Amino acid sequence: MTSVLAPPPQGSDLKPVPGVPGVPYIGSTLAVMRDPIGMARKRYAEYGPVAWGWLLGQRMVTVHGPEAAEVVLVNRDKAFANGPAWSYFIGPFFNRGIMLLDFEEHLHHRRIMQQAFTRPRLRSYMDAMAPGIVKGVESWEPGQGFKVYDHIKKLTLDLAVDVFMGVELDDAERARVNGAFIDAVRAGTAYVRFPVPGLRWHKGLQARKVLEEFFYRHLPAKREGAGGDDLFSALCQAETDDGERFTDEDVVNHMIFALMAAHDTTTITLTTMAYYLAKYPEWQERLRERSLGLGKERPGFDDLDAFTGIDMVMKESMRLVTPVPALPRKVVRDTSILGFHVPAGTTVVVPMLSNHHMADWWTDPDEFDPGRFSPERREDKVHKYAWAPFGGGAHKCIGLHFAGMQVKTILHQMLLRYRWSVPARYEWPLDHTSLPSPKDGLPVRLDRLEQRT
């Protein structure tokens, strides 16, 4: 039965937000995790762009489409807060990361952190990554059943540790850190949201302790050093024109969050690209010819713009499988979205994954079609927020250029060395209980290419 979220103020011309609450606290949680795109389409067809229901223990308003996304993400009247919304999911595990801060405090931290993502810094990160990318990709063993997700996740974590931390870790400690990040991320969508030993929430809290100990142990050396080409050093030395710097606690909080963001989302993007390039070998060959034609095993920073095909495939992959599928916000004062009254205290969710699959804005939205991002078509230009996997407004991902640089560089090495394929009828089983990932690790047949002379 349809019900309204809250009556609008008397005398206003605002409409109440409609929806079907379902079972309190549970609502449509299980259905959304099974089929997020299908559920979003059903909700949009029944109730339009703004609707509410119970999800993950909260009364949530879901806003569909780029017009509603713009209202929330641009946040002109400062009615939507990032921190309280994300804290509900990942706050205990990624405490005071840049994404969990708001308004003036967020801008203050972002101004300092921006010093770690300048163009010269990106160049230095790329130079630092190059040997590890070549070594990591070259070490892959061809054959049937090669699990792309597992290998890319290991590679991106190794790169994040090397490039972001600038420290040497043995295999045991790398495995411990990787496991901690996995537990911390998965804890965010736990059904039982208090520390029962053995369950996700408890594992996430234990993981946070592991990560804090890890970063605090290495912090003194980074503070005392003259500065290096890694992010850890950059955050320790970063300073605004006014002389503002991060505290030790700030550095640790931002490093934990940045390391998670840097390897998890990049892993998802590269794995999705590998999946579709295996399903559509004509695109794989097209990109390979371009990479071989570049004539450089290790492209430089200025060569990245030449990877136009990789760029289109990357954008299409992030559209089809958005690494961060939903962006929550907490309403801190009564506001409106597209004429609907949304009271303070409400959690609002921008479902970027399903927004990227809306037929109102995309041609054949479920089809893999990188050409939609070509200069001739540019379907993403129909609206500023039609394609927004990095979010928008003040909270737009600060590392988006680093991510693109890393994705292009890694895929270039994969194309130079291997050809990969999947059976004709293979469809990967995506797990949506946290950030999207293939349940089977994406097994492919990996063949090494003969070196051209």
# chains A, B, ... in the order shown; residues from 1 in each chain; ligands from 1
$ residues_around --residues "Pro328 of chain A" --least-positions-apart "2" --cutoff "10 Å" --atoms "only C-alpha atoms" --output "PDB file with C-alpha atoms, in the first residue's frame"
ATOM      1  CA  MET A  60      15.437   6.243   2.680  1.00  0.00           C
ATOM      2  CA  VAL A  61      14.376   8.502  -0.156  1.00  0.00           C
ATOM      3  CA  THR A  62      15.762   7.358  -3.501  1.00  0.00           C
ATOM      4  CA  VAL A  72      21.413  16.543  -4.142  1.00  0.00           C
ATOM      5  CA  LEU A  73      25.062  16.479  -5.217  1.00  0.00           C
ATOM      6  CA  PHE A  80      22.496  17.543   2.365  1.00  0.00           C
ATOM      7  CA  ALA A  81      25.394  16.278   4.493  1.00  0.00           C
ATOM      8  CA  ASN A  82      27.819  13.564   3.428  1.00  0.00           C
ATOM      9  CA  GLY A  83      29.313  12.618   6.771  1.00  0.00           C
ATOM     10  CA  PRO A  84      26.253  11.467   8.738  1.00  0.00           C
ATOM     11  CA  ALA A  85      24.986   9.425   5.775  1.00  0.00           C
ATOM     12  CA  TRP A  86      28.260   7.636   5.031  1.00  0.00           C
ATOM     13  CA  SER A  87      29.048   7.262   8.733  1.00  0.00           C
ATOM     14  CA  TYR A  88      26.006   5.025   9.099  1.00  0.00           C
ATOM     15  CA  PHE A  89      27.583   2.606   6.612  1.00  0.00           C
ATOM     16  CA  ALA A 326      24.927   4.655  -4.594  1.00  0.00           C
ATOM     17  CA  LYS A 330      21.610  13.021   5.268  1.00  0.00           C
ATOM     18  CA  VAL A 331      19.098  15.888   5.114  1.00  0.00           C
ATOM     19  CA  THR A 347      18.533   9.782   4.333  1.00  0.00           C
ATOM     20  CA  VAL A 348      18.569  10.440   0.587  1.00  0.00           C
ATOM     21  CA  VAL A 349      20.269   8.081  -1.848  1.00  0.00           C
ATOM     22  CA  VAL A 350      21.447   8.908  -5.370  1.00  0.00           C
ATOM     23  CA  PRO A 351      21.588   5.485  -7.099  1.00  0.00           C
TER      24      PRO A 351
END
$ residues_around --residues "segment 32-41 of chain A" --least-positions-apart "6" --cutoff "12 Å" --atoms "only C-alpha atoms" --output "PyMOL selection string"
chain A and resi 26+47-56+61-65+189+191+320-322+325-326+349-360+365-366+429-436
$ write_last_selection --atoms "C-alpha atoms" --output "short mmCIF file (atom, residue, chain, number, x, y, z; two decimals), in the first residue's frame"
data_model
loop_
_atom_site.label_atom_id
_atom_site.label_comp_id
_atom_site.auth_asym_id
_atom_site.auth_seq_id
_atom_site.Cartn_x
_atom_site.Cartn_y
_atom_site.Cartn_z
CA ILE A 26 14.13 -4.45 6.16
CA TYR A 47 6.40 6.52 -8.22
CA GLY A 48 8.55 8.71 -10.45
CA PRO A 49 11.90 10.34 -9.67
CA VAL A 50 11.50 10.69 -5.88
CA ALA A 51 10.25 7.80 -3.70
CA TRP A 52 10.86 6.35 -0.24
CA GLY A 53 11.06 2.97 1.45
CA TRP A 54 12.91 1.08 4.18
CA LEU A 55 16.47 0.11 3.20
CA LEU A 56 19.28 -1.20 5.41
CA VAL A 61 14.38 8.50 -0.16
CA THR A 62 15.76 7.36 -3.50
CA VAL A 63 16.10 9.97 -6.25
CA HIS A 64 16.18 8.73 -9.83
CA GLY A 65 17.65 10.53 -12.81
CA THR A 189 26.42 -3.31 4.49
CA TYR A 191 22.66 -6.64 8.49
CA LEU A 320 27.39 -0.34 -16.68
CA VAL A 321 28.96 -1.30 -13.34
CA THR A 322 29.44 1.85 -11.28
CA PRO A 325 26.77 2.29 -6.95
CA ALA A 326 24.93 4.66 -4.59
CA VAL A 349 20.27 8.08 -1.85
CA VAL A 350 21.45 8.91 -5.37
CA PRO A 351 21.59 5.48 -7.10
CA MET A 352 24.27 6.17 -9.70
CA LEU A 353 24.32 2.54 -10.90
CA SER A 354 20.63 2.52 -11.87
CA ASN A 355 20.73 6.15 -13.04
CA HIS A 356 23.35 5.04 -15.57
CA HIS A 357 20.87 2.46 -16.88
CA MET A 358 17.87 4.76 -17.44
CA ALA A 359 16.34 4.51 -20.90
CA ASP A 360 15.15 8.13 -20.54
CA PRO A 365 21.14 1.33 -21.64
CA ASP A 366 21.96 -2.31 -20.85
CA PRO A 429 27.56 -13.32 -11.36
CA LEU A 430 27.87 -9.92 -9.70
CA ASP A 431 27.66 -9.61 -5.91
CA HIS A 432 25.92 -6.35 -4.94
CA THR A 433 26.00 -6.78 -1.15
CA SER A 434 28.86 -4.28 -0.96
CA LEU A 435 30.82 -2.68 -3.79
CA PRO A 436 30.05 -4.75 -6.92
#
$ atom_distance --atom1 "atom CA of His412 of chain A" --atom2 "atom CA of Ile398 of chain A"
23.6 Å
$ residues_around --residues "Met99 of chain A" --least-positions-apart "3" --cutoff "12 Å" --atoms "only C-alpha atoms" --output "PyMOL selection string"
chain A and resi 81-87+90-91+94-96+102-103+105-107+109-110+113+253-254+256-258+260-261+327-329+390-392+394-399
$ write_last_selection --atoms "N, CA and C atoms" --output "JSON list (two decimals), in the first residue's frame"
[["chain", "number", "residue", "atom", "x", "y", "z"],
["A", 81, "ALA", "N", 24.08, 16.51, 3.89],
["A", 81, "ALA", "CA", 25.39, 16.28, 4.49],
["A", 81, "ALA", "C", 25.90, 14.90, 4.12],
["A", 82, "ASN", "N", 27.18, 14.82, 3.80],
["A", 82, "ASN", "CA", 27.82, 13.56, 3.43],
["A", 82, "ASN", "C", 28.15, 12.71, 4.65],
["A", 83, "GLY", "N", 28.77, 13.35, 5.63],
["A", 83, "GLY", "CA", 29.31, 12.62, 6.77],
["A", 83, "GLY", "C", 28.32, 11.74, 7.51],
["A", 84, "PRO", "N", 27.20, 12.30, 7.99],
["A", 84, "PRO", "CA", 26.25, 11.47, 8.74],
["A", 84, "PRO", "C", 25.71, 10.30, 7.93],
["A", 85, "ALA", "N", 25.53, 10.50, 6.62],
["A", 85, "ALA", "CA", 24.99, 9.43, 5.78],
["A", 85, "ALA", "C", 26.01, 8.30, 5.60],
["A", 86, "TRP", "N", 27.24, 8.67, 5.22],
["A", 86, "TRP", "CA", 28.26, 7.64, 5.03],
["A", 86, "TRP", "C", 28.68, 7.01, 6.35],
["A", 87, "SER", "N", 28.64, 7.79, 7.43],
["A", 87, "SER", "CA", 29.05, 7.26, 8.73],
["A", 87, "SER", "C", 28.18, 6.09, 9.16],
["A", 90, "ILE", "N", 29.92, 3.25, 6.84],
["A", 90, "ILE", "CA", 31.36, 2.95, 6.94],
["A", 90, "ILE", "C", 32.08, 3.79, 7.98],
["A", 91, "GLY", "N", 31.35, 4.63, 8.74],
["A", 91, "GLY", "CA", 31.99, 5.54, 9.69],
["A", 91, "GLY", "C", 32.94, 4.88, 10.67],
["A", 94, "PHE", "N", 36.08, 3.77, 8.43],
["A", 94, "PHE", "CA", 36.83, 4.78, 7.67],
["A", 94, "PHE", "C", 36.58, 6.16, 8.28],
["A", 95, "ASN", "N", 36.77, 6.21, 9.58],
["A", 95, "ASN", "CA", 36.48, 7.40, 10.37],
["A", 95, "ASN", "C", 37.20, 8.65, 9.84],
["A", 96, "ARG", "N", 36.43, 9.70, 9.60],
["A", 96, "ARG", "CA", 36.94, 11.01, 9.20],
["A", 96, "ARG", "C", 37.80, 10.98, 7.94],
["A", 102, "ASP", "N", 32.19, 17.45, 6.05],
["A", 102, "ASP", "CA", 31.20, 18.30, 5.40],
["A", 102, "ASP", "C", 31.53, 19.78, 5.53],
["A", 103, "PHE", "N", 31.00, 20.53, 4.57],
["A", 103, "PHE", "CA", 30.96, 21.99, 4.59],
["A", 103, "PHE", "C", 32.36, 22.59, 4.82],
["A", 105, "GLU", "N", 34.65, 22.33, 7.14],
["A", 105, "GLU", "CA", 35.70, 21.39, 7.53],
["A", 105, "GLU", "C", 36.15, 20.56, 6.33],
["A", 106, "HIS", "N", 35.21, 20.13, 5.52],
["A", 106, "HIS", "CA", 35.55, 19.37, 4.32],
["A", 106, "HIS", "C", 36.41, 20.20, 3.37],
["A", 107, "LEU", "N", 36.02, 21.45, 3.15],
["A", 107, "LEU", "CA", 36.79, 22.31, 2.25],
["A", 107, "LEU", "C", 38.20, 22.54, 2.79],
["A", 109, "HIS", "N", 40.00, 20.49, 4.71],
["A", 109, "HIS", "CA", 40.80, 19.28, 4.48],
["A", 109, "HIS", "C", 41.08, 19.06, 2.99],
["A", 110, "ARG", "N", 40.10, 19.38, 2.16],
["A", 110, "ARG", "CA", 40.28, 19.17, 0.72],
["A", 110, "ARG", "C", 41.36, 20.09, 0.17],
["A", 113, "MET", "N", 44.59, 18.44, 1.10],
["A", 113, "MET", "CA", 44.78, 17.18, 0.38],
["A", 113, "MET", "C", 45.03, 17.40, -1.10],
["A", 253, "ASN", "N", 43.80, 8.96, 9.15],
["A", 253, "ASN", "CA", 42.42, 8.82, 8.67],
["A", 253, "ASN", "C", 42.34, 8.93, 7.15],
["A", 254, "HIS", "N", 43.03, 9.90, 6.59],
["A", 254, "HIS", "CA", 42.98, 10.09, 5.14],
["A", 254, "HIS", "C", 43.71, 8.98, 4.39],
["A", 256, "ILE", "N", 43.99, 5.78, 5.35],
["A", 256, "ILE", "CA", 43.15, 4.58, 5.38],
["A", 256, "ILE", "C", 42.05, 4.70, 4.33],
["A", 257, "PHE", "N", 41.43, 5.86, 4.27],
["A", 257, "PHE", "CA", 40.35, 6.05, 3.29],
["A", 257, "PHE", "C", 40.90, 6.05, 1.86],
["A", 258, "ALA", "N", 42.00, 6.76, 1.64],
["A", 258, "ALA", "CA", 42.55, 6.88, 0.28],
["A", 258, "ALA", "C", 43.04, 5.54, -0.25],
["A", 260, "MET", "N", 41.92, 2.60, 0.56],
["A", 260, "MET", "CA", 40.73, 1.82, 0.21],
["A", 260, "MET", "C", 40.17, 2.28, -1.13],
["A", 261, "ALA", "N", 39.97, 3.60, -1.26],
["A", 261, "ALA", "CA", 39.37, 4.14, -2.48],
["A", 261, "ALA", "C", 40.25, 3.89, -3.69],
["A", 327, "LEU", "N", 25.13, 6.90, -3.72],
["A", 327, "LEU", "CA", 25.71, 7.99, -2.93],
["A", 327, "LEU", "C", 24.67, 8.49, -1.93],
["A", 328, "PRO", "N", 24.85, 8.19, -0.64],
["A", 328, "PRO", "CA", 23.87, 8.63, 0.36],
["A", 328, "PRO", "C", 24.18, 10.03, 0.90],
["A", 329, "ARG", "N", 23.13, 10.72, 1.31],
["A", 329, "ARG", "CA", 23.25, 12.01, 1.98],
["A", 329, "ARG", "C", 22.22, 12.08, 3.10],
["A", 390, "PHE", "N", 31.97, 9.48, -10.45],
["A", 390, "PHE", "CA", 32.84, 10.10, -9.44],
["A", 390, "PHE", "C", 32.08, 11.07, -8.54],
["A", 391, "GLY", "N", 30.74, 11.05, -8.62],
["A", 391, "GLY", "CA", 29.96, 11.98, -7.82],
["A", 391, "GLY", "C", 29.95, 13.36, -8.43],
["A", 392, "GLY", "N", 29.76, 14.37, -7.59],
["A", 392, "GLY", "CA", 29.72, 15.74, -8.10],
["A", 392, "GLY", "C", 29.67, 16.74, -6.97],
["A", 394, "ALA", "N", 30.89, 19.57, -4.30],
["A", 394, "ALA", "CA", 32.09, 19.72, -3.45],
["A", 394, "ALA", "C", 32.74, 18.38, -3.13],
["A", 395, "HIS", "N", 31.96, 17.30, -3.20],
["A", 395, "HIS", "CA", 32.48, 15.98, -2.83],
["A", 395, "HIS", "C", 32.89, 15.14, -4.04],
["A", 396, "LYS", "N", 33.02, 15.74, -5.20],
["A", 396, "LYS", "CA", 33.47, 14.97, -6.35],
["A", 396, "LYS", "C", 34.82, 14.34, -6.04],
["A", 397, "CYS", "N", 35.00, 13.10, -6.46],
["A", 397, "CYS", "CA", 36.18, 12.32, -6.09],
["A", 397, "CYS", "C", 37.47, 13.09, -6.37],
["A", 398, "ILE", "N", 38.28, 13.26, -5.34],
["A", 398, "ILE", "CA", 39.52, 14.03, -5.47],
["A", 398, "ILE", "C", 40.58, 13.25, -6.24],
["A", 399, "GLY", "N", 40.42, 11.93, -6.31],
["A", 399, "GLY", "CA", 41.43, 11.11, -6.98],
["A", 399, "GLY", "C", 41.03, 10.62, -8.36]]
$ closest_residue --among "A:Leu400, A:Met255, A:Arg377, A:Leu411" --to "Val313 of chain A" --atoms "only C-alpha atoms"
A:Leu411
$ residues_around --residues "Ala187 of chain A" --least-positions-apart "3" --cutoff "12 Å" --atoms "only C-alpha atoms" --output "PyMOL selection string"
chain A and resi 87-94+180-184+190-196+198-208+433-435
$ select_by_dssp --residues "segment 106-238 of chain A" --states "strand (DSSP E or B)" --output "list in words"
Gly143, Gln144, Gly145, Phe146 and Lys147 of chain A
$ write_last_selection --atoms "C-alpha atoms" --output "PDB file, in the first residue's frame"
ATOM      1  CA  GLY A 143      45.917 -20.606 -18.815  1.00  0.00           C
ATOM      2  CA  GLN A 144      42.293 -21.555 -18.320  1.00  0.00           C
ATOM      3  CA  GLY A 145      40.505 -20.281 -15.213  1.00  0.00           C
ATOM      4  CA  PHE A 146      42.710 -17.236 -14.626  1.00  0.00           C
ATOM      5  CA  LYS A 147      40.757 -15.129 -12.111  1.00  0.00           C
TER       6      LYS A 147
END
$ closest_residue --among "A:Ser139, A:Ser437, A:Ser374, A:Thr346" --to "Thr269 of chain A" --atoms "only C-alpha atoms"
A:Ser437
$ atom_distance --atom1 "atom CA of Met414 of chain A" --atom2 "atom CA of Val137 of chain A"
6.6 Å
$ select_by_dssp --residues "segment 151-394 of chain A" --states "helix (DSSP H, G or I)" --output "NGL selection string"
:A and (151-165 or 171-187 or 200-224 or 231-237 or 248-279 or 281-294 or 301-306 or 308-320 or 352-355 or 370-373 or 379-382 or 393-394)
$ closest_residue --among "A:Asp264, A:Glu282, A:Val134, A:Tyr44" --to "Lys153 of chain A" --atoms "only C-alpha atoms"
A:Asp264
$ residues_around --residues "Met318 of chain A" --least-positions-apart "5" --cutoff "8 Å" --atoms "only C-alpha atoms" --output "PyMOL selection string"
chain A and resi 269+272+323+389
$ residues_around --residues "Gly339 of chain A" --least-positions-apart "6" --cutoff "10 Å" --atoms "only C-alpha atoms" --output "list of chain:residue names"
A:Asp13, A:Leu14, A:Lys15, A:Pro16, A:Val17, A:Val50
$ write_last_selection --atoms "N, CA, C and O atoms" --output "PDB file, in the first residue's frame"
ATOM      1  N   ASP A  13       3.471  24.581  -2.000  1.00  0.00           N
ATOM      2  CA  ASP A  13       3.014  23.858  -3.187  1.00  0.00           C
ATOM      3  C   ASP A  13       3.817  22.575  -3.386  1.00  0.00           C
ATOM      4  O   ASP A  13       3.834  21.998  -4.468  1.00  0.00           O
ATOM      5  N   LEU A  14       4.490  22.123  -2.309  1.00  0.00           N
ATOM      6  CA  LEU A  14       5.296  20.912  -2.386  1.00  0.00           C
ATOM      7  C   LEU A  14       4.425  19.670  -2.293  1.00  0.00           C
ATOM      8  O   LEU A  14       3.346  19.684  -1.690  1.00  0.00           O
ATOM      9  N   LYS A  15       4.918  18.578  -2.889  1.00  0.00           N
ATOM     10  CA  LYS A  15       4.218  17.306  -2.855  1.00  0.00           C
ATOM     11  C   LYS A  15       4.874  16.381  -1.830  1.00  0.00           C
ATOM     12  O   LYS A  15       6.083  16.468  -1.581  1.00  0.00           O
ATOM     13  N   PRO A  16       4.111  15.479  -1.220  1.00  0.00           N
ATOM     14  CA  PRO A  16       4.718  14.497  -0.318  1.00  0.00           C
ATOM     15  C   PRO A  16       5.445  13.421  -1.114  1.00  0.00           C
ATOM     16  O   PRO A  16       5.053  13.089  -2.240  1.00  0.00           O
ATOM     17  N   VAL A  17       6.494  12.869  -0.547  1.00  0.00           N
ATOM     18  CA  VAL A  17       7.238  11.798  -1.203  1.00  0.00           C
ATOM     19  C   VAL A  17       6.459  10.489  -1.066  1.00  0.00           C
ATOM     20  O   VAL A  17       6.177  10.050   0.055  1.00  0.00           O
ATOM     21  N   VAL A  50      11.230  10.573  -7.323  1.00  0.00           N
ATOM     22  CA  VAL A  50      11.496  10.685  -5.885  1.00  0.00           C
ATOM     23  C   VAL A  50      10.540   9.755  -5.144  1.00  0.00           C
ATOM     24  O   VAL A  50       9.320   9.894  -5.234  1.00  0.00           O
TER      25      VAL A  50
END
$ residues_around --residues "His401 of chain A" --least-positions-apart "2" --cutoff "10 Å" --atoms "only C-alpha atoms" --output "VMD selection string"
chain A and resid 117 to 119 122 397 to 399 403 to 407
$ write_last_selection --atoms "all heavy atoms" --output "compact mmCIF listing (two decimals), in the first residue's frame"
# COMPACT_ATOMS: atom_id res chain seq x y z
N PHE A 117 47.54 15.87 -5.09
CA PHE A 117 47.02 15.43 -6.38
C PHE A 117 47.22 16.48 -7.47
O PHE A 117 46.44 16.56 -8.42
CB PHE A 117 45.52 15.09 -6.25
CG PHE A 117 45.27 13.84 -5.45
CD1 PHE A 117 44.97 13.92 -4.10
CD2 PHE A 117 45.36 12.59 -6.03
CE1 PHE A 117 44.74 12.78 -3.35
CE2 PHE A 117 45.13 11.44 -5.29
CZ PHE A 117 44.83 11.54 -3.94
N THR A 118 48.26 17.26 -7.32
CA THR A 118 48.60 18.22 -8.37
C THR A 118 49.17 17.48 -9.58
O THR A 118 49.54 16.30 -9.50
CB THR A 118 49.64 19.23 -7.87
OG1 THR A 118 50.83 18.50 -7.51
CG2 THR A 118 49.12 20.01 -6.67
N ARG A 119 49.26 18.18 -10.70
CA ARG A 119 49.78 17.55 -11.92
C ARG A 119 51.21 17.03 -11.73
O ARG A 119 51.51 15.90 -12.14
CB ARG A 119 49.72 18.56 -13.07
CG ARG A 119 49.85 17.94 -14.45
CD ARG A 119 49.56 18.98 -15.53
NE ARG A 119 49.66 18.42 -16.87
CZ ARG A 119 48.69 17.78 -17.50
NH1 ARG A 119 47.52 17.63 -16.89
NH2 ARG A 119 48.87 17.29 -18.71
N LEU A 122 50.94 13.80 -9.78
CA LEU A 122 50.43 12.70 -10.59
C LEU A 122 51.52 12.12 -11.48
O LEU A 122 51.62 10.91 -11.67
CB LEU A 122 49.24 13.18 -11.43
CG LEU A 122 47.95 13.50 -10.68
CD1 LEU A 122 46.90 14.07 -11.63
CD2 LEU A 122 47.40 12.27 -9.96
N CYS A 397 35.00 13.10 -6.46
CA CYS A 397 36.18 12.32 -6.09
C CYS A 397 37.47 13.09 -6.37
O CYS A 397 37.74 13.49 -7.51
CB CYS A 397 36.19 11.01 -6.85
SG CYS A 397 37.66 10.00 -6.56
N ILE A 398 38.28 13.26 -5.34
CA ILE A 398 39.52 14.03 -5.47
C ILE A 398 40.58 13.25 -6.24
O ILE A 398 41.52 13.83 -6.80
CB ILE A 398 40.05 14.43 -4.06
CG1 ILE A 398 41.06 15.56 -4.16
CG2 ILE A 398 40.64 13.22 -3.34
CD1 ILE A 398 41.44 16.16 -2.82
N GLY A 399 40.42 11.93 -6.31
CA GLY A 399 41.43 11.11 -6.98
C GLY A 399 41.03 10.62 -8.36
O GLY A 399 41.61 9.67 -8.87
N ALA A 403 42.90 7.83 -10.73
CA ALA A 403 42.23 6.58 -11.09
C ALA A 403 42.31 6.34 -12.59
O ALA A 403 42.63 5.23 -13.04
CB ALA A 403 40.77 6.62 -10.63
N GLY A 404 41.99 7.36 -13.39
CA GLY A 404 42.06 7.20 -14.84
C GLY A 404 43.45 6.87 -15.32
O GLY A 404 43.64 6.03 -16.21
N MET A 405 44.44 7.52 -14.73
CA MET A 405 45.84 7.27 -15.07
C MET A 405 46.22 5.82 -14.78
O MET A 405 46.85 5.14 -15.61
CB MET A 405 46.71 8.23 -14.26
CG MET A 405 48.20 8.07 -14.42
SD MET A 405 49.07 9.31 -13.41
CE MET A 405 48.85 8.58 -11.76
N GLN A 406 45.82 5.33 -13.63
CA GLN A 406 46.17 3.96 -13.24
C GLN A 406 45.46 2.93 -14.12
O GLN A 406 46.07 1.96 -14.58
CB GLN A 406 45.81 3.73 -11.77
CG GLN A 406 46.33 2.42 -11.22
CD GLN A 406 46.06 2.27 -9.74
OE1 GLN A 406 44.96 2.52 -9.27
NE2 GLN A 406 47.06 1.84 -8.99
N VAL A 407 44.18 3.15 -14.37
CA VAL A 407 43.41 2.21 -15.20
C VAL A 407 44.02 2.11 -16.60
O VAL A 407 44.23 1.01 -17.13
CB VAL A 407 41.93 2.65 -15.28
CG1 VAL A 407 41.21 1.92 -16.41
CG2 VAL A 407 41.23 2.40 -13.96
$ closest_residue --among "A:Arg298, A:Val161, A:Leu442, A:Pro370" --to "Leu416 of chain A" --atoms "only C-alpha atoms"
A:Arg298
$ closest_atom_pairs --of "segment 322-347 of chain A" --to "segment 5-12 of chain A" --cutoff "8 Å" --atoms "only C-alpha atoms" --output "tab-separated table"
residue	atom	partner	partner_atom	distance
A:His341	CA	A:Pro8	CA	5.5
A:Val342	CA	A:Ala6	CA	7.6
A:Pro343	CA	A:Ala6	CA	7.2
